[in-house]
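Raw contents of target-v6.txt, compact mmCIF, C-alpha atoms:
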# COMPACT_ATOMS: atom_id res chain seq x y z
CA MET A 1 -170.21 -44.14 -73.15
CA ARG A 2 -168.93 -41.39 -70.94
CA LEU A 3 -169.92 -41.44 -67.31
CA VAL A 4 -170.97 -37.80 -67.26
CA VAL A 5 -171.96 -35.54 -70.14
CA TRP A 6 -171.58 -31.87 -69.21
CA LEU A 7 -174.34 -29.88 -70.88
CA LEU A 8 -174.33 -26.63 -68.97
CA LEU A 9 -172.72 -23.94 -71.08
CA ALA A 10 -172.60 -20.93 -68.76
CA VAL A 11 -173.35 -17.73 -70.65
CA GLY A 12 -173.44 -14.11 -69.59
CA ARG A 13 -176.57 -12.49 -68.28
CA GLN A 14 -179.26 -13.29 -70.84
CA ASP A 15 -182.33 -13.48 -68.64
CA ASP A 16 -184.06 -11.13 -71.09
CA ALA A 17 -183.33 -13.43 -74.06
CA VAL A 18 -186.29 -14.34 -76.24
CA ASP A 19 -187.12 -17.09 -78.70
CA ALA A 20 -185.48 -16.34 -82.03
CA LYS A 21 -184.75 -17.90 -85.39
CA ILE A 22 -180.95 -18.08 -85.77
CA GLY A 23 -180.61 -19.67 -89.20
CA ASP A 24 -181.86 -22.02 -91.88
CA ALA A 25 -180.77 -25.61 -92.29
CA PRO A 26 -179.32 -26.47 -95.72
CA ALA A 27 -181.98 -27.61 -98.12
CA HIS A 28 -179.84 -30.44 -99.48
CA LEU A 29 -177.32 -32.71 -97.75
CA PRO A 30 -175.80 -35.96 -99.01
CA VAL A 31 -178.13 -38.89 -98.46
CA GLY A 32 -177.86 -40.30 -94.94
CA CYS A 33 -175.95 -37.31 -93.50
CA ARG A 34 -177.20 -35.66 -90.35
CA LEU A 35 -176.62 -31.96 -89.74
CA MET A 36 -174.81 -31.08 -86.50
CA LEU A 37 -174.81 -27.58 -85.02
CA HIS A 38 -171.97 -25.69 -83.32
CA CYS A 39 -173.54 -22.80 -81.39
CA ALA A 40 -171.72 -19.70 -80.20
CA PRO A 41 -171.61 -19.29 -76.39
CA THR A 42 -174.24 -16.55 -76.72
CA MET A 43 -176.58 -19.08 -78.43
CA ASP A 44 -177.57 -16.54 -81.06
CA ARG A 45 -175.32 -17.72 -83.89
CA THR A 46 -174.46 -21.15 -85.21
CA ILE A 47 -172.64 -23.04 -87.95
CA GLY A 48 -173.29 -26.59 -89.07
CA SER A 49 -171.34 -29.67 -90.07
CA TYR A 50 -172.07 -33.18 -91.30
CA LEU A 51 -170.13 -36.41 -91.59
CA LEU A 52 -169.18 -37.52 -95.09
CA GLY A 53 -167.49 -40.89 -94.70
CA ASP A 54 -164.76 -40.33 -92.13
CA ARG A 55 -164.60 -36.56 -92.75
CA GLU A 56 -166.54 -33.80 -91.03
CA VAL A 57 -167.62 -31.16 -93.54
CA PHE A 58 -168.22 -27.72 -92.00
CA LEU A 59 -170.79 -25.21 -93.28
CA LEU A 60 -169.25 -21.83 -92.46
CA GLU A 61 -170.82 -18.39 -92.01
CA ASN A 62 -170.01 -17.25 -95.53
CA GLY A 63 -171.99 -20.16 -96.98
CA ALA A 64 -168.93 -22.14 -98.04
CA GLU A 65 -168.48 -25.84 -97.37
CA GLU A 66 -165.10 -26.76 -95.89
CA PRO A 67 -164.29 -30.49 -96.05
CA GLY A 68 -160.63 -30.11 -95.06
CA VAL A 69 -160.96 -29.03 -91.42
CA LEU A 70 -158.02 -30.24 -89.33
CA LYS A 71 -159.13 -28.74 -86.02
CA TRP A 72 -162.24 -27.08 -84.62
CA ILE A 73 -160.83 -24.27 -82.46
CA GLY A 74 -163.96 -22.53 -81.18
CA TRP A 75 -165.64 -19.14 -81.27
CA LYS A 76 -163.74 -15.84 -81.39
CA MET A 77 -165.43 -13.44 -78.97
CA PRO A 78 -166.98 -10.93 -78.80
CA GLU A 79 -167.22 -11.09 -82.60
CA ARG A 80 -168.99 -14.48 -82.42
CA ALA A 81 -166.97 -15.78 -85.35
CA SER A 82 -166.18 -19.47 -85.82
CA VAL A 83 -162.48 -20.40 -85.89
CA VAL A 84 -161.27 -23.52 -87.70
CA LEU A 85 -157.92 -24.73 -88.99
CA ALA A 86 -158.20 -26.27 -92.45
CA GLY A 87 -155.95 -27.53 -95.22
CA ALA A 88 -153.11 -30.06 -95.13
CA GLU A 89 -149.56 -30.47 -93.85
CA GLU A 90 -148.09 -28.44 -96.68
CA ARG A 91 -150.69 -25.64 -96.66
CA ARG A 92 -152.82 -24.85 -93.64
CA ARG A 93 -155.43 -22.11 -93.50
CA LEU A 94 -156.94 -20.33 -90.50
CA LEU A 95 -160.58 -19.50 -91.19
CA VAL A 96 -162.28 -16.90 -88.98
CA GLY A 97 -165.96 -16.45 -89.73
CA GLY A 98 -165.41 -18.53 -92.86
CA ILE A 99 -162.76 -16.17 -94.25
CA GLU A 100 -159.07 -17.00 -94.35
CA GLU A 101 -157.03 -14.87 -91.94
CA LYS A 102 -153.91 -14.01 -93.95
CA ARG A 103 -152.57 -11.07 -91.93
CA LEU A 104 -151.10 -13.37 -89.28
CA GLY A 105 -148.85 -15.17 -91.74
CA GLU A 106 -148.69 -18.85 -92.64
CA VAL A 107 -150.60 -20.33 -89.70
CA TRP A 108 -149.69 -23.85 -88.54
CA ASP A 109 -151.86 -24.11 -85.41
CA ALA A 110 -154.14 -21.97 -83.23
CA ALA A 111 -155.90 -21.88 -79.85
CA LEU A 112 -158.29 -19.53 -78.04
CA LEU A 113 -157.74 -18.12 -74.53
CA ASP A 114 -159.53 -15.69 -72.22
CA GLY A 115 -163.01 -16.94 -73.07
CA GLY A 116 -162.31 -16.72 -76.79
CA ARG A 117 -161.07 -13.14 -76.70
CA LEU A 118 -157.39 -13.95 -77.34
CA LEU A 119 -156.33 -15.92 -80.40
CA ALA A 120 -152.91 -17.60 -80.11
CA VAL A 121 -151.31 -18.85 -83.32
CA VAL A 122 -148.26 -20.79 -84.42
CA VAL A 123 -146.94 -19.42 -87.70
CA ARG A 124 -144.21 -20.62 -90.01
CA ALA A 125 -141.36 -18.15 -90.24
CA ASP A 126 -137.72 -17.96 -91.28
CA GLY A 127 -135.84 -20.34 -89.03
CA GLY A 128 -138.84 -22.47 -88.04
CA MET A 129 -142.10 -21.79 -86.22
CA VAL A 130 -143.10 -18.94 -83.90
CA LEU A 131 -145.89 -18.86 -81.31
CA LYS A 132 -147.74 -15.54 -81.03
CA ALA A 133 -150.20 -14.84 -78.20
CA GLY A 134 -151.15 -11.19 -77.75
CA GLU A 135 -147.93 -9.26 -77.12
CA ARG A 136 -145.91 -12.45 -76.57
CA THR A 137 -143.71 -14.04 -79.24
CA ILE A 138 -142.10 -17.42 -78.50
CA GLY A 139 -139.52 -19.07 -80.74
CA PRO A 140 -138.47 -19.72 -83.37
CA PHE A 141 -138.29 -23.51 -83.04
CA PRO A 142 -138.00 -26.06 -85.84
CA ARG A 143 -141.52 -27.24 -84.97
CA ILE A 144 -144.28 -26.41 -82.46
CA ASP A 145 -147.10 -28.93 -81.89
CA LEU A 146 -149.94 -29.90 -79.54
CA LEU A 147 -150.97 -26.29 -79.00
CA ARG A 148 -153.88 -26.00 -76.55
CA ALA A 149 -155.19 -23.82 -73.77
CA ASP A 150 -155.63 -25.22 -70.26
CA ALA A 151 -157.34 -22.81 -67.84
CA ASP A 152 -155.94 -20.03 -70.05
CA ARG A 153 -152.42 -21.46 -69.75
CA LEU A 154 -150.79 -22.10 -73.10
CA ALA A 155 -149.50 -25.63 -73.56
CA TYR A 156 -147.32 -26.69 -76.46
CA VAL A 157 -144.41 -28.90 -77.52
CA ALA A 158 -141.32 -27.25 -79.01
CA GLN A 159 -139.35 -29.71 -81.12
CA THR A 160 -135.63 -29.26 -81.78
CA GLY A 161 -134.00 -32.08 -83.69
CA ASP A 162 -134.61 -35.28 -81.75
CA ARG A 163 -135.41 -33.36 -78.54
CA ALA A 164 -138.80 -32.11 -77.43
CA ARG A 165 -139.63 -29.50 -74.79
CA LEU A 166 -143.11 -29.54 -73.26
CA VAL A 167 -144.30 -26.16 -71.94
CA VAL A 168 -147.46 -25.66 -69.85
CA GLY A 169 -147.90 -22.09 -68.64
CA ASP A 170 -144.63 -21.05 -67.00
CA ARG A 171 -143.36 -24.64 -66.52
CA ALA A 172 -141.16 -26.53 -69.00
CA PHE A 173 -140.09 -30.20 -69.17
CA ASP A 174 -137.82 -32.28 -71.39
CA ALA A 175 -139.59 -35.10 -73.23
CA VAL A 176 -137.88 -38.29 -74.41
CA GLY A 177 -140.64 -39.39 -76.79
CA ARG A 178 -143.51 -37.54 -78.41
CA PRO A 179 -146.11 -36.10 -75.98
CA ARG A 180 -149.64 -37.04 -77.00
CA GLN A 181 -151.96 -35.91 -74.19
CA ILE A 182 -151.46 -33.37 -71.40
CA PHE A 183 -153.13 -33.50 -67.96
CA VAL A 184 -153.03 -30.71 -65.37
CA SER A 185 -153.92 -31.30 -61.70
CA PRO A 186 -157.03 -29.55 -60.32
CA ASP A 187 -154.88 -27.05 -58.40
CA GLY A 188 -152.72 -26.39 -61.47
CA ALA A 189 -149.52 -27.30 -59.61
CA SER A 190 -148.72 -30.59 -61.40
CA VAL A 191 -148.46 -31.54 -65.04
CA ALA A 192 -148.59 -35.05 -66.49
CA TRP A 193 -148.51 -36.31 -70.03
CA ILE A 194 -148.61 -39.47 -72.12
CA GLU A 195 -145.52 -39.90 -74.23
CA GLU A 196 -145.21 -42.08 -77.31
CA LEU A 197 -141.87 -43.90 -77.37
CA SER A 198 -139.86 -45.04 -80.38
CA ASP A 199 -140.86 -48.70 -79.91
CA ARG A 200 -144.58 -47.80 -80.26
CA ARG A 201 -145.13 -48.02 -76.55
CA GLN A 202 -146.48 -45.28 -74.33
CA GLN A 203 -145.14 -43.95 -71.05
CA ALA A 204 -146.71 -41.85 -68.28
CA VAL A 205 -144.69 -38.84 -67.13
CA VAL A 206 -145.62 -36.75 -64.06
CA ASP A 207 -143.84 -33.45 -63.41
CA GLY A 208 -140.92 -34.72 -65.46
CA ARG A 209 -140.65 -38.01 -63.53
CA ARG A 210 -140.89 -40.94 -65.88
CA GLY A 211 -143.33 -43.64 -64.87
CA ALA A 212 -144.36 -47.03 -66.18
CA ALA A 213 -144.55 -47.81 -69.89
CA GLY A 214 -146.90 -50.19 -71.67
CA ARG A 215 -148.55 -50.83 -74.98
CA SER A 216 -150.74 -47.84 -74.09
CA ILE A 217 -151.84 -45.73 -71.12
CA HIS A 218 -155.42 -46.83 -70.59
CA HIS A 219 -158.03 -44.07 -70.08
CA GLY A 220 -155.58 -41.28 -69.23
CA ILE A 221 -153.72 -40.05 -66.13
CA HIS A 222 -155.74 -39.08 -63.06
CA PHE A 223 -154.84 -36.73 -60.20
CA SER A 224 -156.42 -36.77 -56.76
CA PRO A 225 -158.72 -33.78 -56.08
CA ASN A 226 -155.96 -31.94 -54.18
CA GLY A 227 -153.44 -32.71 -56.94
CA ARG A 228 -150.95 -34.42 -54.60
CA HIS A 229 -151.45 -37.97 -55.86
CA VAL A 230 -151.71 -39.55 -59.29
CA ALA A 231 -152.82 -42.87 -60.77
CA TYR A 232 -153.03 -44.53 -64.18
CA VAL A 233 -153.25 -47.93 -65.88
CA THR A 234 -150.91 -49.45 -68.46
CA ARG A 235 -152.25 -51.82 -71.06
CA GLU A 236 -149.93 -54.79 -71.56
CA GLU A 237 -149.85 -57.50 -74.22
CA LYS A 238 -152.11 -59.49 -71.90
CA GLY A 239 -154.19 -57.61 -69.38
CA PHE A 240 -153.72 -54.34 -67.51
CA ARG A 241 -151.64 -53.06 -64.59
CA GLY A 242 -152.51 -50.24 -62.21
CA TRP A 243 -150.10 -47.65 -60.81
CA ALA A 244 -150.53 -45.18 -57.95
CA ASP A 245 -147.91 -42.59 -56.96
CA GLY A 246 -145.27 -44.51 -58.90
CA ALA A 247 -145.91 -47.91 -57.26
CA GLU A 248 -147.72 -50.82 -58.86
CA VAL A 249 -151.16 -51.66 -57.47
CA ARG A 250 -150.77 -55.19 -56.16
CA SER A 251 -153.24 -57.66 -57.68
CA GLU A 252 -153.26 -61.17 -59.10
CA ARG A 253 -155.83 -59.99 -61.66
CA SER A 254 -155.93 -57.29 -64.32
CA VAL A 255 -156.43 -53.79 -62.90
CA VAL A 256 -158.44 -51.76 -65.44
CA ALA A 257 -158.91 -48.58 -63.41
CA ALA A 258 -157.00 -46.86 -60.59
CA ARG A 259 -157.52 -43.64 -58.62
CA VAL A 260 -156.06 -42.05 -55.48
CA LEU A 261 -158.05 -40.01 -52.96
CA ASP A 262 -156.74 -36.90 -51.18
CA ASP A 263 -155.42 -38.88 -48.20
CA GLY A 264 -153.51 -41.33 -50.43
CA THR A 265 -156.18 -44.06 -50.37
CA VAL A 266 -155.82 -46.17 -53.52
CA VAL A 267 -158.97 -47.31 -55.31
CA ALA A 268 -158.55 -49.98 -57.99
CA VAL A 269 -160.87 -52.08 -60.16
CA GLU A 270 -159.98 -55.72 -60.85
CA THR A 271 -161.47 -57.71 -63.71
CA TRP A 272 -161.61 -61.37 -64.76
CA SER A 273 -163.79 -63.65 -66.92
CA GLU A 274 -166.45 -66.12 -65.88
CA PRO A 275 -168.59 -68.45 -68.04
CA GLY A 276 -171.83 -66.85 -69.22
CA ARG A 277 -174.85 -67.73 -71.30
CA SER A 278 -173.21 -66.62 -74.56
CA GLY A 279 -169.55 -67.14 -73.66
CA PRO A 280 -167.03 -65.66 -71.21
CA GLU A 281 -168.28 -62.54 -69.41
CA ALA A 282 -166.14 -59.94 -67.66
CA ARG A 283 -166.69 -59.42 -63.93
CA GLY A 284 -165.41 -56.63 -61.73
CA ARG A 285 -164.53 -55.89 -58.12
CA LEU A 286 -163.39 -52.79 -56.24
CA VAL A 287 -160.21 -52.87 -54.17
CA VAL A 288 -159.87 -50.08 -51.59
CA ARG A 289 -156.66 -49.68 -49.55
CA GLY A 290 -155.58 -53.11 -50.80
CA ALA A 291 -158.73 -54.80 -49.45
CA PRO A 292 -160.98 -56.43 -52.10
CA GLN A 293 -164.69 -55.66 -51.70
CA GLU A 294 -167.00 -58.62 -51.23
CA ARG A 295 -169.49 -57.49 -53.86
CA ILE A 296 -168.89 -58.86 -57.37
CA LEU A 297 -170.03 -56.46 -60.12
CA PRO A 298 -171.78 -57.52 -63.36
CA ARG A 299 -169.01 -55.73 -65.27
CA PRO A 300 -165.89 -53.84 -64.19
CA VAL A 301 -166.05 -50.08 -63.65
CA TYR A 302 -163.84 -48.63 -66.37
CA ASP A 303 -164.06 -44.97 -65.46
CA PHE A 304 -164.70 -42.72 -62.47
CA VAL A 305 -165.77 -39.12 -62.17
CA LEU A 306 -165.12 -36.91 -59.17
CA HIS A 307 -168.04 -34.97 -57.68
CA GLY A 308 -167.35 -33.06 -54.52
CA ALA A 309 -164.97 -35.25 -52.55
CA SER A 310 -166.41 -38.56 -53.81
CA LEU A 311 -165.71 -40.82 -56.76
CA PHE A 312 -168.60 -42.20 -58.82
CA GLY A 313 -168.59 -45.00 -61.38
CA VAL A 314 -170.97 -47.40 -63.10
CA ALA A 315 -170.71 -51.15 -63.75
CA ARG A 316 -172.99 -51.79 -66.72
CA SER A 317 -174.59 -54.84 -68.24
CA GLU A 318 -177.57 -54.99 -70.60
CA GLU A 319 -179.91 -56.19 -67.83
CA ARG A 320 -178.70 -54.16 -64.84
CA SER A 321 -176.28 -51.50 -63.72
CA VAL A 322 -174.58 -50.82 -60.40
CA ILE A 323 -173.63 -47.28 -59.35
CA VAL A 324 -170.65 -47.21 -57.02
CA ARG A 325 -169.69 -44.29 -54.79
CA ILE A 326 -166.36 -44.10 -52.94
CA GLY A 327 -166.41 -41.44 -50.24
CA PRO A 328 -163.41 -39.32 -49.19
CA SER A 329 -162.66 -41.70 -46.31
CA GLY A 330 -162.70 -44.76 -48.61
CA ASP A 331 -166.21 -45.94 -47.69
CA VAL A 332 -168.05 -47.69 -50.56
CA ALA A 333 -171.77 -47.59 -51.37
CA TYR A 334 -173.62 -49.48 -54.11
CA GLU A 335 -176.93 -48.82 -55.85
CA GLU A 336 -178.38 -51.32 -58.32
CA THR A 337 -180.95 -50.46 -60.96
CA PRO A 338 -182.58 -52.39 -63.85
CA GLY A 339 -181.34 -51.47 -67.33
CA ARG A 340 -178.12 -50.09 -68.76
CA ILE A 341 -177.16 -46.67 -67.41
CA GLY A 342 -175.82 -44.27 -70.04
CA THR A 343 -175.13 -40.92 -68.37
CA LEU A 344 -174.73 -40.58 -64.61
CA LEU A 345 -174.84 -37.10 -63.07
CA PRO A 346 -174.47 -36.87 -59.27
CA GLU A 347 -174.88 -33.57 -57.46
CA PRO A 348 -171.62 -32.19 -56.00
CA GLY A 349 -172.51 -33.36 -52.50
CA GLY A 350 -173.29 -36.85 -53.76
CA LYS A 351 -176.60 -37.19 -51.89
CA ARG A 352 -178.72 -37.12 -55.04
CA ARG A 353 -178.14 -38.29 -58.60
CA ALA A 354 -179.81 -38.42 -61.98
CA PHE A 355 -179.11 -40.80 -64.84
CA THR A 356 -180.34 -42.01 -68.19
CA VAL A 357 -181.08 -45.71 -68.45
CA ALA A 358 -181.92 -47.91 -71.44
CA THR A 359 -184.43 -50.71 -70.89
CA LYS A 360 -186.53 -52.93 -73.14
CA ALA A 361 -189.30 -50.34 -72.78
CA GLY A 362 -187.06 -47.52 -74.04
CA LEU A 363 -184.74 -44.81 -72.73
CA PHE A 364 -185.69 -43.15 -69.44
CA VAL A 365 -184.47 -40.28 -67.27
CA GLN A 366 -184.32 -41.19 -63.60
CA ILE A 367 -184.15 -38.46 -60.95
CA ASP A 368 -184.07 -39.95 -57.47
CA GLU A 369 -186.84 -42.58 -57.59
CA ALA A 370 -188.83 -40.98 -60.43
CA ARG A 371 -188.38 -42.67 -63.83
CA ILE A 372 -189.49 -40.37 -66.68
CA GLY A 373 -189.97 -41.33 -70.33
CA PRO A 374 -189.58 -43.20 -72.57
CA PHE A 375 -187.54 -41.02 -74.91
CA GLU A 376 -185.43 -41.50 -78.03
CA ARG A 377 -182.49 -39.66 -76.43
CA ALA A 378 -181.98 -37.38 -73.44
CA ASP A 379 -179.34 -35.16 -71.82
CA LEU A 380 -179.07 -34.10 -68.17
CA PHE A 381 -178.00 -31.01 -66.23
CA HIS A 382 -177.82 -29.84 -62.63
CA LEU A 383 -178.58 -26.38 -61.22
CA ARG A 384 -176.08 -25.65 -58.47
CA PHE A 385 -177.95 -22.75 -56.86
CA THR A 386 -181.21 -24.62 -56.31
CA GLY A 387 -179.83 -28.19 -56.37
CA ARG A 388 -182.42 -29.27 -58.95
CA PHE A 389 -181.86 -31.69 -61.83
CA GLY A 390 -183.14 -31.06 -65.32
CA TYR A 391 -183.18 -32.70 -68.72
CA VAL A 392 -183.91 -32.08 -72.37
CA ALA A 393 -185.20 -35.08 -74.29
CA GLN A 394 -186.32 -36.16 -77.75
CA LYS A 395 -189.61 -37.90 -78.48
CA LYS A 396 -191.33 -38.68 -81.75
CA SER A 397 -193.72 -35.85 -80.92
CA GLY A 398 -190.89 -33.32 -80.43
CA VAL A 399 -188.68 -31.97 -77.65
CA VAL A 400 -189.43 -32.07 -73.92
CA PHE A 401 -187.69 -29.87 -71.34
CA GLY A 402 -187.99 -30.88 -67.69
CA ILE A 403 -186.99 -29.71 -64.23
CA GLU A 404 -187.37 -32.51 -61.68
CA ARG A 405 -190.89 -33.93 -62.30
CA GLN A 406 -192.25 -30.89 -64.14
CA SER A 407 -191.93 -30.79 -67.94
CA THR A 408 -192.95 -28.69 -70.90
CA GLN A 409 -193.03 -29.25 -74.65
CA LEU A 410 -190.72 -27.00 -76.68
CA ALA A 411 -191.57 -25.74 -80.17
CA LEU A 412 -188.73 -27.73 -81.75
CA THR A 413 -188.68 -30.80 -83.95
CA GLU A 414 -185.21 -31.81 -82.73
CA TYR A 415 -182.75 -30.36 -80.20
CA VAL A 416 -178.95 -30.20 -80.27
CA SER A 417 -176.47 -30.30 -77.39
CA PRO A 418 -175.28 -28.54 -75.36
CA ILE A 419 -177.90 -26.37 -73.74
CA ALA A 420 -176.97 -23.06 -72.10
CA VAL A 421 -177.95 -21.80 -68.66
CA THR A 422 -177.47 -18.17 -67.68
CA ARG A 423 -175.09 -17.48 -64.82
CA THR A 424 -178.02 -16.49 -62.63
CA GLU A 425 -179.73 -19.82 -63.44
CA MET A 426 -182.95 -17.98 -64.19
CA THR A 427 -183.07 -19.04 -67.85
CA ALA A 428 -182.09 -21.95 -70.07
CA ILE A 429 -181.56 -21.77 -73.82
CA VAL A 430 -182.04 -24.74 -76.15
CA ALA A 431 -181.10 -24.71 -79.83
CA GLY A 432 -182.55 -27.03 -82.41
CA PHE A 433 -184.50 -27.55 -85.60
CA LEU A 434 -188.07 -26.67 -86.46
CA ALA A 435 -189.53 -28.27 -89.58
CA GLN A 436 -192.21 -26.14 -91.20
CA ASN A 437 -193.23 -24.94 -94.65
CA ARG A 438 -191.14 -27.73 -96.18
CA LYS A 439 -188.01 -26.18 -94.64
CA LYS A 440 -185.86 -26.84 -91.63
CA GLU A 441 -185.22 -23.72 -89.57
CA ILE A 442 -182.76 -23.33 -86.70
CA TRP A 443 -184.28 -21.77 -83.59
CA ARG A 444 -183.30 -21.04 -80.03
CA ARG A 445 -185.94 -21.56 -77.38
CA VAL A 446 -185.76 -19.80 -74.04
CA VAL A 447 -187.12 -21.51 -70.92
CA ALA A 448 -187.70 -19.83 -67.56
CA LEU A 449 -186.22 -21.87 -64.70
CA GLU A 450 -188.14 -20.14 -61.93
As structure tokens - that is how I would like this structure written.
Amino acid sequence: MRLVVWLLLAVGRQDDAVDAKIGDAPAHLPVGCRLMLHCAPTMDRTIGSYLLGDREVFLLENGAEEPGVLKWIGWKMPERASVVLAGAEERRRLLVGGIEEKRLGEVWDAALLDGGRLLAVVVRADGGMVLKAGERTIGPFPRIDLLRADADRLAYVAQTGDRARLVVGDRAFDAVGRPRQIFVSPDGASVAWIEELSDRRQQAVVDGRRGAAGRSIHHGIHFSPNGRHVAYVTREEKGFRGWADGAEVRSERSVVAARVLDDGTVVAVETWSEPGRSGPEARGRLVVRGAPQERILPRPVYDFVLHGASLFGVARSEERSVIVRIGPSGDVAYEETPGRIGTLLPEPGGKRRAFTVATKAGLFVQIDEARIGPFERADLFHLRFTGRFGYVAQKKSGVVFGIERQSTQLALTEYVSPIAVTRTEMTAIVAGFLAQNRKKEIWRRVVALE
């Protein structure tokens, strides 16, 4: 489970939005398939999809079913048209609003920039592949892959023979292997990537400087908040090793997570096994500035999320969870709670937090000391202007929307994530299903936040 699930989808000023029906759910789906919704940022248009085996079948605006989607690209704005790449290696199709876009040529890949207003495409042409983004034309190259947008900077890999060139914005780097994932520092000044080598190992590369290699790079590459430091973990044949600013994190045990704070303070998580009731159980311990913490955790912390200037993580077991907070000066605080925490959402300042927690009595939302529920599922959000926490949750009786300890029942049978909050934080919009008259309708519900 991810440490934090971001649900706030900031939309333009829609404080005058009203409840509205935005579609009908298909009357018939394969047995056992659940319909998923993909809402436009304006929350007034949606398409659906469902899983059929290991394939996701999309239900596009023109009513067609598309089982061969290779990549969900997003929503073209302001037209509010879905954009997907479908087909196979030998014949790919770019579908905009459910209709194949043929005017651009034989499209190989695509990405959206500028809030969905600019569509960048890689097309096959004489002499190779060409990248087109607005008035820009890049190439041709024998092959262009890994096209994506990062803070409206185009990122891609141009392949020429056995050489690869990674480009992120206006920076370019030579790659020895095949880049798989790209990471950009918070200030945009540094670029890192995970490279797959010919011997099926992976290597971390930061600003062109080659780092450690292992069987894999475990849980990505992580920059400090100011972007000046970097840490990652390599998975070995036996165990894990941590790395910070190019040096190995010293430990006699496996290091399953590593981070660096703005001042260069290294935070690592060690793990080992101890006998338990049903066999060996993993234990964890934080190491800050090379000094192991005294507290032994019920499980290791595998992931951290930055909020403000602090790092937050969770050590989870079925019976209890421990929230850990590492402050900007390296100070460590622990908070233990019964049950297994799913989603943890601290406020940016770190003084308050909300989380979902599964117990024998069910799933609860906890905001400060208030435990609310039980629910079947729940998602959290935080309002930055007022500092309040909120949630949307599913019960057998329907959908509940709450702000702090106040809640209201929504006229929905089931909700879908994410929710949207207007930029003024005056209104929230929730999309979901309403079962009535033997049909399943898709509605948006508008909730006043003041």
Counting all atoms listed in the file, the residue of A:Ile22, A:Ala120, A:Leu166, A:Leu311 that sits nearest Glu135 (chain A): A:Ala120
Residue among A:Gly276, A:Gly350, A:Gly177, A:Leu345 lying closest to Gly308 (chain A), counting all atoms listed in the file: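 Checking each of A:Gly276, A:Gly350, A:Gly177, A:Leu345 against Gly308 (chain A), counting all atoms listed in the file, the winner is A:Gly350.
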Separation of CA of Ala247 (chain A) from CA of Glu195 (chain A) in Å: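 Between these atoms lies a distance of 18.8 Å.
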Neighbour residues at most 12 Å from (-181.2, -26.9, -56.5) (all atoms listed in the file) as a list in words: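 Residues found, by chain and rising number: Glu347, Pro348, Gly349, Arg352, Arg353, Phe381, His382, Leu383, Arg384, Phe385, Thr386, Gly387, Arg388, Phe389, Gly390, Ile403, Glu404, Glu425, Met426, Leu449 and Glu450 of chain A.
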Contacts of region 312-327 of chain A at 6 Å (only C-alpha atoms; same-chain gap of 5+ positions) as an NGL selection string: :A and (299-301 or 304-305 or 332-340)
Length of the CA of Lys71 (chain A) to CA of Ser190 (chain A) vector [Å]: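 Taking CA of Lys71 (chain A) and CA of Ser190 (chain A), their separation equals 26.8 Å.
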Non-local contacts of region 199-214 of chain A (7 Å; all atoms listed in the file; under 5 positions in same chain excluded) as JSON, numbers by chain: {"A": [173, 190, 191, 192, 193, 194, 234, 235, 236, 246]}
Find the axis-aligned box for region 334-346 of chain A, covering all its listed atoms and adding 3 Å on each side, and write its centre and edge lengths in Å to one decimal as AutoDock Vina command-line options.
--center_x -178.1 --center_y -44.6 --center_z -62.1 --size_x 15.0 --size_y 21.5 --size_z 21.9
Shell of 10 Å around Ile73 (chain A), all atoms listed in the file, local chain residues under 3 positions omitted, as an mmCIF file with C-alpha atoms, in the coordinates of the input:
data_model
loop_
_atom_site.group_PDB
_atom_site.id
_atom_site.type_symbol
_atom_site.label_atom_id
_atom_site.label_comp_id
_atom_site.auth_asym_id
_atom_site.auth_seq_id
_atom_site.Cartn_x
_atom_site.Cartn_y
_atom_site.Cartn_z
ATOM 1 C CA LEU A 70 -158.020 -30.240 -89.330
ATOM 2 C CA LYS A 76 -163.740 -15.840 -81.390
ATOM 3 C CA SER A 82 -166.180 -19.470 -85.820
ATOM 4 C CA VAL A 83 -162.480 -20.400 -85.890
ATOM 5 C CA VAL A 84 -161.270 -23.520 -87.700
ATOM 6 C CA LEU A 85 -157.920 -24.730 -88.990
ATOM 7 C CA LEU A 94 -156.940 -20.330 -90.500
ATOM 8 C CA LEU A 95 -160.580 -19.500 -91.190
ATOM 9 C CA VAL A 96 -162.280 -16.900 -88.980
ATOM 10 C CA ASP A 109 -151.860 -24.110 -85.410
ATOM 11 C CA ALA A 110 -154.140 -21.970 -83.230
ATOM 12 C CA ALA A 111 -155.900 -21.880 -79.850
ATOM 13 C CA LEU A 112 -158.290 -19.530 -78.040
ATOM 14 C CA GLY A 116 -162.310 -16.720 -76.790
ATOM 15 C CA LEU A 119 -156.330 -15.920 -80.400
ATOM 16 C CA ARG A 148 -153.880 -26.000 -76.550
#
Selected residue of minimal separation from Ile138 (chain A) among A:Arg253, A:Arg55, A:Ala125, A:Ala231, counting only C-alpha atoms: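 Using only C-alpha atoms, Ile138 (chain A) sits closest to A:Ala125.
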Near-region 24-35 of chain A list (7 Å; all atoms listed in the file; drop same-chain fewer than 3 positions) as number ranges by chain: A: 48-52, 440-442
Residues near Pro374 (chain A), cut-off 9 Å, all atoms listed in the file, skip fewer than 2 positions along chain, as a PyMOL selection string: chain A and resi 361-365+371-372+376-377+395
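With distances restricted to all atoms listed in the file, A:Asp262 is the closest residue to Ser224 (chain A) from A:Glu79, A:Asp262, A:Glu281, A:Asp368.
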